[in-house]
$ cat final29.cif   # mmCIF, C-alpha atoms
data_data
loop_
_atom_site.label_atom_id
_atom_site.label_comp_id
_atom_site.auth_asym_id
_atom_site.auth_seq_id
_atom_site.Cartn_x
_atom_site.Cartn_y
_atom_site.Cartn_z
CA MET F 1 32.33 29.87 4.93
CA SER F 2 31.08 29.84 8.51
CA LYS F 3 33.17 31.59 11.16
CA ASN F 4 31.42 29.80 14.03
CA PRO F 5 33.21 27.23 16.20
CA SER F 6 32.52 23.69 14.96
CA VAL F 7 31.46 20.76 17.13
CA ILE F 8 31.28 17.16 15.91
CA ILE F 9 29.22 14.34 17.38
CA VAL F 10 31.11 11.02 17.27
CA GLY F 11 30.71 7.56 18.71
CA ARG F 12 30.27 3.99 17.61
CA MET F 13 27.17 2.93 15.71
CA ASN F 14 23.69 3.10 17.21
CA VAL F 15 24.51 4.99 20.43
CA GLY F 16 22.02 7.81 19.72
CA LYS F 17 24.17 10.39 17.92
CA SER F 18 21.47 11.38 15.41
CA THR F 19 18.81 11.57 18.12
CA LEU F 20 21.09 13.93 20.05
CA PHE F 21 21.74 15.98 16.90
CA ASN F 22 17.98 16.34 16.36
CA ARG F 23 17.52 17.58 19.94
CA LEU F 24 20.25 20.19 19.55
CA SER F 25 19.57 21.20 15.94
CA GLU F 26 16.93 23.82 15.19
CA ASN F 27 16.57 23.28 11.44
CA VAL F 28 18.16 20.15 10.01
CA LYS F 29 16.87 16.75 11.06
CA SER F 30 18.92 13.58 10.82
CA ILE F 31 17.35 10.20 10.07
CA THR F 32 16.94 8.15 13.26
CA LEU F 33 16.13 4.47 13.00
CA ASP F 34 17.25 1.48 15.03
CA TYR F 35 19.59 0.24 12.29
CA GLU F 36 23.36 0.33 12.39
CA GLY F 37 24.90 2.68 9.86
CA VAL F 38 21.85 4.76 9.03
CA THR F 39 23.86 8.02 8.93
CA ARG F 40 26.59 7.81 6.28
CA ASP F 41 27.26 11.32 5.01
CA PHE F 42 27.67 13.91 7.75
CA ILE F 43 25.09 16.67 8.11
CA LYS F 44 25.37 19.96 9.95
CA ASP F 45 23.39 22.89 11.29
CA THR F 46 24.12 26.17 13.04
CA VAL F 47 22.90 26.02 16.64
CA SER F 48 22.16 29.14 18.69
CA TRP F 49 22.00 29.17 22.47
CA GLN F 50 21.65 32.27 24.63
CA GLY F 51 22.82 34.50 21.80
CA ARG F 52 25.85 32.37 20.92
CA PHE F 53 26.36 30.20 17.88
CA PHE F 54 28.24 27.06 16.87
CA ASP F 55 28.13 24.66 13.91
CA LEU F 56 27.02 21.16 14.91
CA ILE F 57 27.96 18.13 12.78
CA ASP F 58 26.36 14.69 12.90
CA THR F 59 28.35 11.72 11.61
CA GLY F 60 28.03 8.05 10.88
CA GLY F 61 29.25 5.54 13.45
CA ILE F 62 33.02 5.63 13.78
CA SER F 63 35.27 2.59 13.83
CA LEU F 64 39.04 2.48 13.92
CA ARG F 65 39.09 -0.78 11.98
CA LYS F 66 39.10 -0.64 8.19
CA SER F 67 35.96 -2.00 6.60
CA MET F 68 35.72 -4.29 3.56
CA ASP F 69 32.55 -2.39 2.62
CA PRO F 70 33.79 0.51 0.40
CA ILE F 71 30.91 2.79 1.42
CA ALA F 72 31.40 2.13 5.13
CA GLU F 73 35.14 2.69 4.69
CA LYS F 74 34.61 6.06 3.01
CA SER F 75 32.25 7.07 5.81
CA ARG F 76 34.74 5.90 8.48
CA GLN F 77 37.67 7.74 6.90
CA GLY F 78 35.55 10.86 6.41
CA VAL F 79 34.78 11.03 10.13
CA LEU F 80 38.43 10.52 11.07
CA ASP F 81 39.49 13.34 8.73
CA LEU F 82 36.72 15.62 9.98
CA ILE F 83 37.77 15.25 13.63
CA GLN F 84 41.07 16.92 12.75
CA THR F 85 39.31 20.05 11.44
CA VAL F 86 36.76 20.80 14.20
CA ASP F 87 37.08 22.80 17.42
CA ALA F 88 35.39 20.37 19.83
CA VAL F 89 33.89 16.89 20.10
CA LEU F 90 30.79 15.41 21.69
CA PHE F 91 31.77 11.77 22.28
CA VAL F 92 28.57 9.76 22.71
CA CYS F 93 28.45 6.38 24.49
CA ASP F 94 25.57 4.02 25.30
CA ALA F 95 24.90 3.65 29.03
CA VAL F 96 22.71 0.58 28.52
CA ALA F 97 25.39 -1.32 26.61
CA GLY F 98 28.11 -0.19 29.01
CA LEU F 99 31.73 0.59 28.15
CA THR F 100 32.94 -1.34 25.10
CA SER F 101 36.33 -1.93 23.52
CA GLU F 102 35.26 0.30 20.62
CA ASP F 103 34.49 3.13 23.07
CA ARG F 104 38.00 2.72 24.52
CA GLU F 105 39.61 2.90 21.06
CA ILE F 106 37.65 6.01 20.12
CA GLY F 107 38.54 7.59 23.46
CA LYS F 108 42.25 7.01 22.82
CA LEU F 109 41.92 8.58 19.36
CA LEU F 110 40.24 11.68 20.79
CA HIS F 111 42.86 12.09 23.52
CA LYS F 112 45.54 11.84 20.84
CA SER F 113 43.77 14.45 18.69
CA GLY F 114 43.98 17.04 21.45
CA LYS F 115 40.46 18.28 20.72
CA LYS F 116 38.24 19.66 23.48
CA THR F 117 35.96 16.70 24.25
CA ILE F 118 32.78 16.29 26.27
CA LEU F 119 31.93 12.67 27.07
CA VAL F 120 28.16 12.27 26.65
CA VAL F 121 26.74 9.10 28.21
CA ASN F 122 23.38 8.59 26.55
CA LYS F 123 20.32 6.43 27.33
CA MET F 124 20.37 7.14 31.08
CA ASP F 125 16.83 5.86 31.40
CA SER F 126 17.06 2.67 33.44
CA LYS F 127 18.55 0.99 36.47
CA ILE F 128 21.19 -0.78 34.39
CA SER F 129 22.28 2.59 32.97
CA ALA F 130 22.92 3.92 36.47
CA GLU F 131 24.89 0.78 37.32
CA ASN F 132 27.12 1.17 34.25
CA ILE F 133 27.89 4.89 34.51
CA ASP F 134 31.07 4.54 36.59
CA GLU F 135 32.69 2.43 33.86
CA PHE F 136 32.88 5.44 31.57
CA ARG F 137 35.14 7.36 33.96
CA GLN F 138 37.89 4.96 32.87
CA LEU F 139 37.99 6.81 29.53
CA GLY F 140 39.78 9.68 31.26
CA PHE F 141 37.71 12.66 30.12
CA GLU F 142 37.36 15.55 32.53
CA THR F 143 33.80 16.48 31.52
CA ILE F 144 31.11 13.77 31.58
CA LEU F 145 27.40 14.44 31.03
CA GLU F 146 24.63 11.94 31.69
CA ILE F 147 21.73 12.42 29.27
CA SER F 148 18.74 10.85 27.57
CA ALA F 149 18.54 12.26 24.05
CA GLU F 150 15.27 10.45 23.44
CA HIS F 151 13.62 12.16 26.42
CA SER F 152 15.53 15.49 26.13
CA ARG F 153 17.20 15.01 29.50
CA GLY F 154 20.49 16.91 29.82
CA ILE F 155 20.20 18.75 26.49
CA GLY F 156 20.36 22.16 28.15
CA ASP F 157 23.53 21.12 30.00
CA ILE F 158 25.21 20.24 26.71
CA LEU F 159 24.19 23.55 25.17
CA ASP F 160 25.49 25.46 28.20
CA LEU F 161 28.85 23.70 28.15
CA VAL F 162 29.42 23.89 24.41
CA SER F 163 28.34 27.52 24.02
CA ASN F 164 30.70 28.57 26.81
CA MET F 165 33.77 26.79 25.44
CA TRP F 166 34.88 29.93 23.60
CA PRO F 167 34.85 33.64 24.43
CA ALA F 168 31.79 35.39 23.04
CA LYS F 169 33.93 37.57 20.77
CA GLU F 170 35.02 34.46 18.84
CA ARG F 171 31.49 33.50 17.91
CA ALA F 172 30.12 34.82 14.65
CA LEU F 173 26.49 35.59 14.04
CA PRO F 174 24.97 33.71 11.12
CA GLU F 175 25.46 35.74 7.99
CA GLU F 176 22.46 36.85 6.00
CA LYS F 177 21.77 34.49 3.14
CA THR F 178 22.44 35.73 -0.34
CA GLY F 179 22.06 34.00 -3.65
CA CYS F 180 19.90 30.93 -4.14
CA ASN F 181 19.29 27.58 -2.56
CA VAL F 182 19.77 24.72 -5.01
CA VAL F 183 18.75 21.08 -4.63
CA LEU F 184 20.02 18.10 -6.63
CA LEU F 185 17.20 15.68 -7.46
CA GLY F 186 16.97 12.53 -9.53
CA LYS F 187 16.76 8.76 -9.48
CA PRO F 188 19.27 6.73 -7.46
CA ASN F 189 22.77 6.43 -8.92
CA VAL F 190 22.29 9.16 -11.52
CA GLY F 191 25.31 11.16 -10.36
CA LYS F 192 23.99 13.64 -7.79
CA SER F 193 26.72 13.00 -5.23
CA SER F 194 29.44 13.04 -7.88
CA LEU F 195 28.21 16.43 -9.07
CA MET F 196 28.05 17.69 -5.48
CA ASN F 197 31.70 16.76 -4.98
CA LEU F 198 32.76 18.41 -8.23
CA LEU F 199 30.91 21.64 -7.42
CA LEU F 200 32.47 21.75 -3.96
CA ASN F 201 35.86 20.67 -5.32
CA LYS F 202 36.14 18.13 -2.51
CA GLU F 203 34.76 14.72 -1.60
CA ARG F 204 31.82 15.75 0.57
CA SER F 205 29.34 13.09 -0.59
CA ILE F 206 30.05 9.39 -0.53
CA VAL F 207 30.01 8.17 -4.13
CA SER F 208 29.27 4.55 -5.04
CA GLU F 209 27.65 2.58 -7.84
CA ILE F 210 25.38 1.07 -5.19
CA ALA F 211 21.98 2.78 -5.31
CA GLY F 212 20.87 4.39 -2.05
CA THR F 213 24.32 5.44 -0.84
CA THR F 214 23.08 8.92 0.07
CA ARG F 215 20.46 8.40 2.76
CA GLU F 216 19.53 11.90 3.83
CA ALA F 217 19.58 15.38 2.34
CA PHE F 218 22.46 17.63 3.40
CA SER F 219 23.67 21.05 2.33
CA GLU F 220 26.91 22.93 1.70
CA THR F 221 27.48 26.56 0.72
CA ILE F 222 29.51 27.52 -2.34
CA SER F 223 30.80 31.06 -2.88
CA PHE F 224 30.43 31.97 -6.54
CA TYR F 225 31.17 35.48 -7.80
CA GLN F 226 30.69 36.96 -4.29
CA GLU F 227 27.34 35.24 -3.83
CA ASP F 228 26.51 32.24 -1.66
CA ILE F 229 24.80 29.30 -3.32
CA GLN F 230 23.55 26.63 -0.93
CA VAL F 231 23.61 23.24 -2.65
CA THR F 232 21.73 20.27 -1.21
CA ASP F 233 22.40 16.67 -2.18
CA THR F 234 19.45 14.30 -1.73
CA PRO F 235 18.66 10.59 -1.74
CA GLY F 236 17.44 9.16 -5.02
CA ILE F 237 13.73 9.35 -5.77
CA ARG F 238 12.10 6.04 -6.63
CA ARG F 239 8.58 5.34 -7.76
CA LYS F 240 6.25 5.24 -4.79
CA HIS F 241 5.29 1.59 -5.19
CA SER F 242 8.96 0.57 -4.79
CA VAL F 243 9.37 2.41 -1.47
CA THR F 244 8.89 -0.54 0.84
CA GLU F 245 11.24 -0.04 3.78
CA ASP F 246 11.01 2.54 6.55
CA LEU F 247 14.49 3.84 5.80
CA GLU F 248 13.86 4.38 2.11
CA SER F 249 10.53 6.05 2.85
CA LEU F 250 12.40 8.53 5.03
CA MET F 251 14.95 9.06 2.27
CA VAL F 252 12.14 10.11 -0.08
CA LYS F 253 10.63 12.41 2.55
CA SER F 254 14.05 13.98 3.10
CA SER F 255 14.34 14.73 -0.62
CA PHE F 256 10.88 16.25 -0.86
CA ARG F 257 11.49 18.37 2.24
CA ALA F 258 14.62 19.72 0.56
CA LEU F 259 12.53 20.50 -2.54
CA GLN F 260 10.07 22.53 -0.46
CA GLU F 261 12.86 24.73 0.90
CA THR F 262 14.83 25.35 -2.29
CA ASP F 263 14.73 27.98 -5.04
CA ILE F 264 16.27 26.06 -7.94
CA VAL F 265 16.07 22.35 -8.77
CA LEU F 266 18.88 20.64 -10.67
CA LEU F 267 17.20 17.52 -12.03
CA LEU F 268 19.83 14.98 -13.03
CA ILE F 269 18.93 12.50 -15.77
CA ASP F 270 20.95 9.52 -17.01
CA ALA F 271 21.75 10.37 -20.64
CA SER F 272 22.77 6.78 -21.37
CA GLU F 273 19.15 5.67 -20.97
CA SER F 274 16.79 5.80 -23.93
CA LYS F 275 14.02 7.94 -22.45
CA LEU F 276 12.89 10.07 -19.55
CA ALA F 277 11.49 7.94 -16.74
CA ASP F 278 8.00 8.58 -15.41
CA GLN F 279 9.30 9.68 -12.00
CA GLU F 280 11.69 12.15 -13.65
CA LEU F 281 8.83 13.73 -15.57
CA LYS F 282 6.65 13.83 -12.47
CA LEU F 283 9.49 15.48 -10.54
CA ALA F 284 9.98 18.08 -13.26
CA PHE F 285 6.28 18.96 -13.51
CA TYR F 286 5.82 18.91 -9.73
CA ALA F 287 8.82 21.17 -9.06
CA PHE F 288 8.08 23.66 -11.84
CA THR F 289 4.30 23.89 -12.13
CA GLU F 290 3.09 22.98 -8.63
CA LYS F 291 5.86 24.12 -6.28
CA HIS F 292 6.99 26.95 -8.60
CA LYS F 293 10.71 26.24 -8.34
CA GLY F 294 13.32 27.20 -10.89
CA LEU F 295 14.36 24.15 -12.92
CA ILE F 296 17.47 23.07 -14.82
CA LEU F 297 17.75 19.67 -16.55
CA LEU F 298 21.22 18.10 -16.41
CA PHE F 299 21.77 15.11 -18.67
CA ASN F 300 24.66 13.32 -16.97
CA LYS F 301 26.78 10.34 -18.12
CA GLN F 302 27.32 11.74 -21.60
CA ASP F 303 30.46 9.56 -21.71
CA LEU F 304 28.17 6.49 -21.72
CA ALA F 305 25.57 7.83 -24.15
CA THR F 306 25.46 6.20 -27.58
CA GLU F 307 24.12 7.72 -30.77
CA ASP F 308 21.02 5.55 -30.42
CA SER F 309 20.40 6.53 -26.80
CA LYS F 310 20.87 10.21 -27.69
CA GLU F 311 18.35 9.91 -30.51
CA PHE F 312 15.79 8.10 -28.36
CA MET F 313 16.27 10.57 -25.49
CA ALA F 314 15.76 13.52 -27.86
CA SER F 315 12.54 11.94 -29.10
CA SER F 316 11.40 11.35 -25.52
CA ILE F 317 12.11 14.99 -24.62
CA ASP F 318 10.18 16.22 -27.66
CA GLU F 319 7.02 14.54 -26.36
CA TYR F 320 7.06 16.89 -23.38
CA LYS F 321 8.19 20.09 -25.09
CA TYR F 322 5.29 21.96 -23.44
CA LEU F 323 7.44 21.98 -20.29
CA ILE F 324 10.91 21.26 -21.62
CA LYS F 325 10.98 24.34 -23.86
CA LYS F 326 10.65 26.52 -20.77
CA VAL F 327 13.73 25.20 -18.96
CA PRO F 328 17.46 25.14 -19.76
CA GLN F 329 19.17 21.83 -20.53
CA LEU F 330 22.85 21.00 -20.17
CA ASN F 331 24.74 17.86 -21.20
CA ILE F 332 27.38 16.95 -18.63
CA SER F 333 29.63 14.11 -17.54
CA CYS F 334 30.70 13.95 -13.92
CA LEU F 335 33.24 11.29 -14.89
CA THR F 336 35.07 13.32 -17.54
CA GLY F 337 34.13 16.77 -16.21
CA LYS F 338 32.39 17.76 -19.44
CA ASN F 339 30.44 21.02 -18.96
CA VAL F 340 30.50 20.72 -15.16
CA GLY F 341 32.11 24.17 -15.09
CA ARG F 342 28.99 25.58 -16.78
CA VAL F 343 26.60 24.39 -14.05
CA LEU F 344 27.14 27.18 -11.49
CA PRO F 345 27.06 30.00 -14.09
CA LEU F 346 23.76 28.56 -15.35
CA VAL F 347 22.44 28.36 -11.78
CA LYS F 348 23.37 32.01 -11.25
CA GLU F 349 21.52 33.03 -14.43
CA VAL F 350 18.36 31.15 -13.46
CA CYS F 351 18.58 32.52 -9.92
CA GLU F 352 18.67 36.09 -11.27
CA ARG F 353 15.63 35.43 -13.45
CA TYR F 354 13.83 33.76 -10.54
CA ASN F 355 14.31 36.94 -8.48
CA GLN F 356 13.71 39.57 -11.17
CA TRP F 357 11.23 42.45 -10.85
CA ILE F 358 9.08 43.81 -13.68
CA THR F 359 7.46 47.21 -13.33
CA GLU F 360 3.71 47.61 -12.94
CA GLU F 361 3.58 50.03 -15.87
CA ASP F 362 5.32 47.64 -18.24
CA LEU F 363 3.11 44.69 -17.29
CA THR F 364 -0.13 46.65 -17.54
CA ILE F 365 0.75 48.07 -20.96
CA LEU F 366 1.86 44.63 -22.19
CA PHE F 367 -1.30 42.81 -21.13
CA LYS F 368 -3.80 45.50 -22.12
CA ALA F 369 -2.26 45.90 -25.56
CA ALA F 370 -2.28 42.14 -26.10
CA ILE F 371 -5.98 41.65 -25.34
CA GLU F 372 -6.90 44.68 -27.41
CA ARG F 373 -5.20 43.02 -30.38
CA LYS F 374 -6.60 39.61 -29.55
CA PRO F 375 -9.66 39.76 -27.23
CA LEU F 376 -10.22 36.83 -24.88
CA TYR F 377 -13.68 35.49 -24.10
CA HIS F 378 -15.42 33.37 -21.51
CA LYS F 379 -18.33 31.94 -23.45
CA LYS F 380 -19.59 35.19 -25.02
CA SER F 381 -18.31 37.56 -22.33
CA ILE F 382 -15.11 39.51 -22.97
CA LEU F 383 -12.26 39.28 -20.47
CA ILE F 384 -10.89 42.58 -19.16
CA VAL F 385 -7.56 43.25 -17.45
CA TYR F 386 -7.61 46.57 -15.58
CA GLY F 387 -4.04 46.34 -14.34
CA ALA F 388 -1.13 44.05 -13.54
CA LYS F 389 1.51 44.20 -10.83
CA GLN F 390 4.33 41.93 -9.70
CA ILE F 391 3.75 41.27 -6.00
CA LYS F 392 6.50 38.76 -5.27
CA LYS F 393 9.77 37.46 -6.60
CA GLY F 394 11.26 34.01 -6.16
CA PRO F 395 9.06 32.96 -7.95
CA VAL F 396 7.78 35.77 -10.18
CA THR F 397 4.19 36.29 -9.00
CA ILE F 398 1.81 38.54 -10.91
CA LEU F 399 -1.40 40.08 -9.57
CA LEU F 400 -4.03 40.59 -12.29
CA ILE F 401 -6.96 42.92 -11.65
CA VAL F 402 -9.78 41.63 -13.85
CA ASN F 403 -13.51 41.93 -14.38
CA GLU F 404 -14.35 38.34 -13.34
CA SER F 405 -11.59 36.18 -11.84
CA ASP F 406 -13.58 32.96 -12.36
CA TRP F 407 -13.46 33.50 -16.11
CA PHE F 408 -9.66 33.28 -16.26
CA GLY F 409 -8.93 29.57 -16.54
CA PRO F 410 -5.68 27.71 -17.35
CA SER F 411 -5.77 28.51 -21.09
CA GLN F 412 -6.28 32.24 -20.46
CA LEU F 413 -3.47 32.35 -17.90
CA MET F 414 -1.24 30.45 -20.30
CA PHE F 415 -1.87 33.22 -22.83
CA PHE F 416 -0.48 35.79 -20.39
CA GLU F 417 2.42 33.54 -19.37
CA ASN F 418 3.44 33.01 -22.98
CA LEU F 419 3.20 36.76 -23.50
CA MET F 420 5.59 37.34 -20.63
CA ARG F 421 8.01 34.67 -21.86
CA ALA F 422 8.04 36.29 -25.30
CA ASN F 423 8.96 39.68 -23.81
CA TYR F 424 11.15 38.77 -20.82
CA ASN F 425 13.87 36.21 -20.22
CA LEU F 426 12.10 33.65 -18.04
CA VAL F 427 13.94 30.52 -19.13
CA GLY F 428 14.05 28.10 -16.23
CA VAL F 429 11.63 29.95 -13.96
CA PRO F 430 7.88 29.57 -13.41
CA VAL F 431 5.29 32.35 -13.38
CA ARG F 432 2.44 32.44 -10.84
CA PHE F 433 -0.76 34.46 -11.25
CA VAL F 434 -3.06 35.83 -8.56
CA LEU F 435 -6.48 37.09 -9.71
CA ARG F 436 -8.61 39.77 -8.02
CA LYS F 437 -11.45 42.09 -8.96
CA SER F 438 -9.91 45.09 -7.21
CA TRP F 439 -6.60 46.41 -5.88
CA ARG F 440 -7.74 45.93 -2.30
CA ALA F 441 -5.91 43.45 -0.07
CA ARG F 442 -2.87 43.27 -2.33
#

$ encode --input "final29.cif" --output "structure tokens"
Amino acid sequence: MSKNPSVIIVGRMNVGKSTLFNRLSENVKSITLDYEGVTRDFIKDTVSWQGRFFDLIDTGGISLRKSMDPIAEKSRQGVLDLIQTVDAVLFVCDAVAGLTSEDREIGKLLHKSGKKTILVVNKMDSKISAENIDEFRQLGFETILEISAEHSRGIGDILDLVSNMWPAKERALPEEKTGCNVVLLGKPNVGKSSLMNLLLNKERSIVSEIAGTTREAFSETISFYQEDIQVTDTPGIRRKHSVTEDLESLMVKSSFRALQETDIVLLLIDASESKLADQELKLAFYAFTEKHKGLILLFNKQDLATEDSKEFMASSIDEYKYLIKKVPQLNISCLTGKNVGRVLPLVKEVCERYNQWITEEDLTILFKAAIERKPLYHKKSILIVYGAKQIKKGPVTILLIVNESDWFGPSQLMFFENLMRANYNLVGVPVRFVLRKSWRAR
């Protein structure tokens, strides 16, 4: 749990909140498109400025009127609840549009909340913006900043004001990360957000039967047996040919960016369907064999699975046992809670395997003894392993010193991988090999 002061960005829809967040944030990037309601779930990042730190939160557009759209209503209520928990507010308004009745309503809410508030008048890029600026003084906030988030004007002023709102002694340095980063991947509406909420034991993700509810990847940290596990929920992955809109294209990019930065992938699969979908298989192979991420398969919606669907799914899995046999599988139901309590312990186990170290002596003895018993050949030339050494963890990466590195192809490396899996617990984690002809430049 962060000890930094928290600052939330609020305002009505399409006033530039996410663009401002992206200017202030150093790591996380929010989706910015000229559509109303693009940001639904809130996202956050720790911002540092002149040696001081605060947690910045981006939110969807706020409205004080209840919405008939259940997703929009959950987003609206989530922002209202979040305002009560933060230390300060950046209230963003649109200088081009001028002061609106919605701005007035939000202003009244913030005054009533008693939170420290900076009024940020955005889009100060034109003559009409300058003409409208005086209107915003009617909102009654002591501190008003004129900015252009798109052109980075006034960003330093915001950082100066926010970072000096609290004495330095109250700011906490970011804690060193321990544990693993975990990302939830899968098709739309497979249960990723429901699982995220269950793991956090709170409603952090908006859950709906409507596909595409989660529009951008966001992360939360869970403390589990004195270790921090960062869990990231992501938008659903569709087949490439069905990604037709700009927004959905960004959703896919957001998911793949989260995959690049994670250690362990939790791939959720709908157990009520009769087989693994092509994109699920591609995700599994891509994460495990190309990006070398730990992998756990979670078969969700067991409450909807029939005997026939279970039989067909088992047959579908058997077709890909080359990969499937290497990774753990868990049947769960986010609706009934079945086996959800086993997810984090399984993540912890895979994380420990992903970060394990094997001694140079043990590896060298294992490999040399194996090829003495069963020599390997390239055409008629024998393959020789002079030594082996683990050079990296997360993932397990093995340096092999050999007579001719070009002679060690996929089948030869698979021999050594299978040997390692037979002697060490590597369930759920990939193994990478680096080949050299000498120990130099390790």

$ residues_around --input "final29.cif" --residues "F:Thr397" --least-positions-apart "5" --cutoff "7 Å" --atoms "all atoms listed in the file" --output "list in words"
Gln390, Ile391, Lys392, Val431, Arg432 and Phe433 of chain F

$ closest_residue --input "final29.cif" --among "F:Val402, F:Asn418, F:Leu366, F:Gly387" --to "F:Tyr322" --atoms "only C-alpha atoms"
F:Asn418

$ atom_distance --input "final29.cif" --atom1 "atom CA of F:Val89" --atom2 "atom CA of F:Val10"
7.1 Å

$ atom_distance --input "final29.cif" --atom1 "atom CA of F:Lys348" --atom2 "atom CA of F:Cys180"
8.0 Å

$ resolve_selection --input "final29.cif" --expression "the PyMOL selection byres ((chain F and resi 362) around 12)" --output "list in words"
Trp357, Ile358, Thr359, Glu360, Glu361, Leu363, Thr364, Ile365, Leu366, Phe367, Lys368, Ala369, Gly387, Ala388, Lys389, Gln390, Met420, Asn423 and Tyr424 of chain F

$ atom_distance --input "final29.cif" --atom1 "atom CA of F:Leu281" --atom2 "atom CA of F:Ile222"
28.2 Å
